[in-house]
$ cat target_28.cif   # mmCIF, C-alpha atoms
data_final
#
loop_
_atom_site.label_atom_id
_atom_site.label_comp_id
_atom_site.auth_asym_id
_atom_site.auth_seq_id
_atom_site.Cartn_x
_atom_site.Cartn_y
_atom_site.Cartn_z
CA MET A 1 7.66 -9.92 -0.07
CA THR A 2 7.84 -8.69 -3.66
CA PRO A 3 9.85 -11.14 -5.78
CA GLY A 4 13.26 -9.74 -6.67
CA LEU A 5 13.10 -6.82 -4.24
CA ASP A 6 15.64 -6.83 -1.43
CA GLY A 7 13.90 -6.91 1.95
CA ASP A 8 16.00 -4.10 3.41
CA LEU A 9 15.25 -1.85 0.41
CA ARG A 10 11.52 -2.60 0.74
CA GLU A 11 11.58 -1.78 4.46
CA HIS A 12 13.44 1.47 3.78
CA ALA A 13 10.98 2.43 1.04
CA ILE A 14 7.90 1.69 3.16
CA TRP A 15 9.03 3.00 6.55
CA ASP A 16 11.79 5.56 6.05
CA LEU A 17 10.34 7.00 2.82
CA GLY A 18 6.73 6.43 3.86
CA GLY A 19 5.90 4.35 0.79
CA GLU A 20 5.40 7.60 -1.14
CA ASP A 21 6.11 7.02 -4.82
CA HIS A 22 7.89 10.32 -5.53
CA ALA A 23 10.17 9.94 -2.50
CA VAL A 24 11.02 6.32 -3.33
CA ARG A 25 11.75 7.13 -6.98
CA ARG A 26 13.89 10.16 -6.06
CA TRP A 27 15.87 8.13 -3.49
CA ALA A 28 16.41 5.29 -5.99
CA ALA A 29 17.51 7.68 -8.76
CA GLU A 30 19.99 9.42 -6.43
CA ARG A 31 21.62 6.04 -5.83
CA GLY A 32 21.63 4.96 -9.45
CA LEU A 33 19.09 2.22 -8.88
CA GLY A 34 17.29 1.51 -12.12
CA SER A 35 13.54 1.69 -12.39
CA HIS A 36 11.50 -1.10 -13.87
CA PRO A 37 8.09 -1.03 -15.48
CA VAL A 38 5.20 -1.98 -13.22
CA PRO A 39 4.07 -5.52 -14.05
CA GLU A 40 0.67 -5.82 -15.73
CA TYR A 41 -0.87 -7.58 -12.72
CA ALA A 42 0.09 -4.67 -10.45
CA MET A 43 -1.35 -1.88 -12.61
CA VAL A 44 -4.23 0.26 -11.41
CA ALA A 45 -7.55 -0.58 -13.04
CA SER A 46 -8.97 2.04 -15.39
CA GLU A 47 -12.39 3.56 -14.86
CA GLU A 48 -13.64 1.51 -17.80
CA GLU A 49 -12.24 -1.71 -16.32
CA LEU A 50 -13.94 -0.99 -13.02
CA GLN A 51 -17.24 -0.30 -14.81
CA SER A 52 -16.87 -3.59 -16.68
CA ALA A 53 -16.18 -5.50 -13.45
CA LEU A 54 -19.31 -4.05 -11.87
CA ARG A 55 -21.45 -5.72 -14.53
CA HIS A 56 -20.91 -8.99 -12.66
CA PRO A 57 -23.28 -9.72 -9.76
CA GLY A 58 -21.77 -9.38 -6.30
CA ILE A 59 -18.88 -7.10 -7.27
CA THR A 60 -18.44 -3.98 -5.16
CA LEU A 61 -15.67 -1.40 -4.94
CA ALA A 62 -13.86 -0.16 -1.86
CA SER A 63 -10.84 2.02 -1.20
CA HIS A 64 -7.11 1.46 -0.90
CA THR A 65 -6.14 5.16 -0.60
CA TRP A 66 -5.26 7.56 -3.39
CA SER A 67 -1.51 7.02 -3.84
CA HIS A 68 -0.73 3.94 -1.68
CA PRO A 69 1.54 5.48 0.97
CA ASN A 70 2.26 3.97 4.37
CA LEU A 71 -0.56 5.71 6.25
CA ALA A 72 1.19 5.17 9.58
CA ARG A 73 3.92 7.59 8.40
CA LEU A 74 1.75 10.46 7.10
CA PRO A 75 1.03 13.80 8.77
CA ALA A 76 -2.65 14.29 9.69
CA ALA A 77 -3.53 16.67 6.82
CA HIS A 78 -2.03 14.37 4.18
CA LEU A 79 -3.64 11.37 5.85
CA ALA A 80 -7.11 12.92 5.61
CA GLU A 81 -6.69 13.59 1.88
CA GLU A 82 -5.37 10.07 1.18
CA LEU A 83 -8.49 8.66 2.82
CA THR A 84 -11.25 11.00 1.59
CA ARG A 85 -10.16 11.50 -2.01
CA PRO A 86 -10.53 7.89 -3.24
CA LEU A 87 -13.86 7.33 -1.49
CA ASP A 88 -15.26 10.54 -2.98
CA TRP A 89 -13.91 9.62 -6.42
CA LEU A 90 -15.48 6.16 -6.31
CA ARG A 91 -18.85 7.45 -5.08
CA GLN A 92 -19.01 10.08 -7.83
CA ARG A 93 -18.57 7.43 -10.53
CA PHE A 94 -20.07 4.17 -9.31
CA SER A 95 -23.10 3.01 -7.37
CA SER A 96 -21.61 -0.24 -5.99
CA VAL A 97 -19.20 1.32 -3.50
CA ILE A 98 -18.85 0.17 0.08
CA PRO A 99 -17.16 2.45 2.63
CA TRP A 100 -14.41 0.01 3.56
CA LEU A 101 -10.67 0.51 3.35
CA THR A 102 -7.72 -1.83 2.96
CA TYR A 103 -4.66 -0.19 4.47
CA PRO A 104 -1.70 -0.05 2.05
CA TYR A 105 0.92 -2.56 3.13
CA GLY A 106 -1.60 -3.60 5.79
CA PHE A 107 -0.25 -1.07 8.30
CA ALA A 108 -2.38 1.09 10.58
CA THR A 109 -2.14 2.81 13.92
CA PRO A 110 -4.94 3.97 16.24
CA ALA A 111 -4.55 7.46 14.71
CA VAL A 112 -4.93 6.02 11.19
CA ALA A 113 -8.02 4.05 12.27
CA ALA A 114 -9.53 7.21 13.78
CA ALA A 115 -8.80 9.13 10.56
CA ALA A 116 -10.47 6.36 8.53
CA ALA A 117 -13.58 6.60 10.70
CA ALA A 118 -13.58 10.40 10.37
CA ALA A 119 -13.26 10.07 6.57
CA GLY A 120 -16.46 8.02 6.47
CA TYR A 121 -15.22 4.45 6.35
CA ARG A 122 -17.26 1.89 8.26
CA GLY A 123 -14.36 -0.51 8.64
CA ALA A 124 -10.87 -1.38 7.44
CA LEU A 125 -8.69 -4.39 6.74
CA CYS A 126 -5.11 -4.71 7.97
CA LEU A 127 -2.38 -7.32 7.95
CA GLY A 128 -1.54 -9.06 11.15
CA ASN A 129 -3.73 -8.97 14.26
CA GLY A 130 -4.11 -12.74 14.00
CA TRP A 131 -7.10 -14.57 12.64
CA PHE A 132 -10.56 -13.05 12.78
CA SER A 133 -12.35 -13.88 15.99
CA PRO A 134 -15.90 -12.76 16.80
CA ASP A 135 -14.96 -12.23 20.45
CA ARG A 136 -12.42 -9.51 19.58
CA VAL A 137 -13.71 -7.34 16.80
CA ASN A 138 -12.26 -3.95 15.94
CA ARG A 139 -13.92 -2.97 12.69
CA TYR A 140 -10.97 -0.70 11.79
CA ALA A 141 -8.46 -3.51 12.24
CA VAL A 142 -10.13 -6.52 10.66
CA PRO A 143 -7.35 -8.98 9.86
CA ARG A 144 -6.70 -10.01 6.30
CA LEU A 145 -4.30 -12.64 5.10
CA ASN A 146 -1.75 -11.74 2.48
CA VAL A 147 -1.89 -14.00 -0.57
CA PRO A 148 1.40 -13.41 -2.40
CA SER A 149 1.70 -13.38 -6.15
CA GLY A 150 2.67 -16.73 -7.57
CA LEU A 151 1.32 -18.76 -4.65
CA SER A 152 0.37 -22.25 -5.84
CA ARG A 153 -3.15 -23.64 -5.46
CA HIS A 154 -1.87 -26.02 -2.76
CA GLY A 155 -0.07 -23.16 -1.02
CA PHE A 156 -3.30 -21.16 -1.05
CA VAL A 157 -5.22 -24.08 0.49
CA LEU A 158 -2.59 -24.45 3.23
CA ARG A 159 -2.63 -20.72 3.95
CA MET A 160 -6.44 -20.60 4.14
CA SER A 161 -6.58 -23.70 6.37
CA GLY A 162 -4.68 -21.90 9.12
CA LEU A 163 -1.82 -24.38 9.02
CA LEU A 164 0.62 -21.59 8.12
CA ARG A 165 -0.46 -19.13 10.85
CA ALA A 166 3.05 -18.67 12.15
CA LEU A 167 4.49 -17.78 8.74
CA PRO A 168 4.40 -14.26 7.28
#
$ encode --input "target_28.cif" --output "structure tokens"
Amino acid sequence: MTPGLDGDLREHAIWDLGGEDHAVRRWAAERGLGSHPVPEYAMVASEEELQSALRHPGITLASHTWSHPNLARLPAAHLAEELTRPLDWLRQRFSSVIPWLTYPYGFATPAVAAAAAAAGYRGALCLGNGWFSPDRVNRYAVPRLNVPSGLSRHGFVLRMSGLLRALP
């Protein structure tokens, strides 16, 4: 969970408001909730920063949608645009692009997975679904493990070891 953000507010923003920035900001303003600047570590990389990163061997780019909504809450037409627009944008500017997607917030449904396939993605990462297992592979629901901001080195080792499987 985001440090300092009430869990109920986060759930409301992601599920009831679909994670859509304009809806979340409007809802918060209507209730007199102050806005805060986005922390540096959470800012979107510029085109120049991406180009600089690609100078390093082994770096590739993939998609995380255009505006980071909860894809499971979008109507089909909006869903298609959220998926195709970033992949097209990346391919027009960079050569090291792989057609993989990481679902915002890690959430996907079978309809979202089908839309990702239709948009040209070859696979996608989600939260949950347990640990990766070669005997049960769905390339549009490959599990990823959330590594929260501020996690210590020892916490990271524990999380990667599988000892914390039962924890969120």
$ closest_residue --input "target_28.cif" --among "A:Phe156, A:Tyr121, A:Tyr105, A:Trp100" --to "Gly19 (chain A)" --atoms "only C-alpha atoms"
A:Tyr105
$ resolve_selection --input "target_28.cif" --expression "the PyMOL selection byres ((chain A and resi 47) around 12)" --output "list in words"
Val44, Ala45, Ser46, Glu48, Glu49, Leu50, Gln51, Ser52, Ala53, Leu54, Leu61, Trp89, Leu90, Gln92, Arg93 and Phe94 of chain A
$ resolve_selection --input "target_28.cif" --expression "the PyMOL selection byres ((chain A and resi 79-87) around 10)" --output "ChimeraX atom specification"
/A:61-78,88-92,97-101,103,111-112,115-121
$ write_last_selection --input "target_28.cif" --atoms "C-alpha atoms" --output "short mmCIF file (atom, residue, chain, number, x, y, z; two decimals), in the coordinates of the input"
data_model
loop_
_atom_site.label_atom_id
_atom_site.label_comp_id
_atom_site.auth_asym_id
_atom_site.auth_seq_id
_atom_site.Cartn_x
_atom_site.Cartn_y
_atom_site.Cartn_z
CA LEU A 61 -15.67 -1.40 -4.94
CA ALA A 62 -13.86 -0.16 -1.86
CA SER A 63 -10.84 2.02 -1.20
CA HIS A 64 -7.11 1.46 -0.90
CA THR A 65 -6.14 5.16 -0.60
CA TRP A 66 -5.26 7.56 -3.39
CA SER A 67 -1.51 7.02 -3.84
CA HIS A 68 -0.73 3.94 -1.68
CA PRO A 69 1.54 5.48 0.97
CA ASN A 70 2.26 3.97 4.37
CA LEU A 71 -0.56 5.71 6.25
CA ALA A 72 1.19 5.17 9.58
CA ARG A 73 3.92 7.59 8.40
CA LEU A 74 1.75 10.46 7.10
CA PRO A 75 1.03 13.80 8.77
CA ALA A 76 -2.65 14.29 9.69
CA ALA A 77 -3.53 16.67 6.82
CA HIS A 78 -2.03 14.37 4.18
CA ASP A 88 -15.26 10.54 -2.98
CA TRP A 89 -13.91 9.62 -6.42
CA LEU A 90 -15.48 6.16 -6.31
CA ARG A 91 -18.85 7.45 -5.08
CA GLN A 92 -19.01 10.08 -7.83
CA VAL A 97 -19.20 1.32 -3.50
CA ILE A 98 -18.85 0.17 0.08
CA PRO A 99 -17.16 2.45 2.63
CA TRP A 100 -14.41 0.01 3.56
CA LEU A 101 -10.67 0.51 3.35
CA TYR A 103 -4.66 -0.19 4.47
CA ALA A 111 -4.55 7.46 14.71
CA VAL A 112 -4.93 6.02 11.19
CA ALA A 115 -8.80 9.13 10.56
CA ALA A 116 -10.47 6.36 8.53
CA ALA A 117 -13.58 6.60 10.70
CA ALA A 118 -13.58 10.40 10.37
CA ALA A 119 -13.26 10.07 6.57
CA GLY A 120 -16.46 8.02 6.47
CA TYR A 121 -15.22 4.45 6.35
#
$ atom_distance --input "target_28.cif" --atom1 "CA of His56 (chain A)" --atom2 "CA of Asn146 (chain A)"
24.6 Å
$ atom_distance --input "target_28.cif" --atom1 "CA of His12 (chain A)" --atom2 "CA of Val24 (chain A)"
8.9 Å
$ atom_distance --input "target_28.cif" --atom1 "CA of Ser35 (chain A)" --atom2 "CA of Asp21 (chain A)"
11.9 Å
$ closest_residue --input "target_28.cif" --among "A:Ala108, A:Ser149, A:Thr60, A:Asp8" --to "Ala42 (chain A)" --atoms "all atoms listed in the file"
A:Ser149
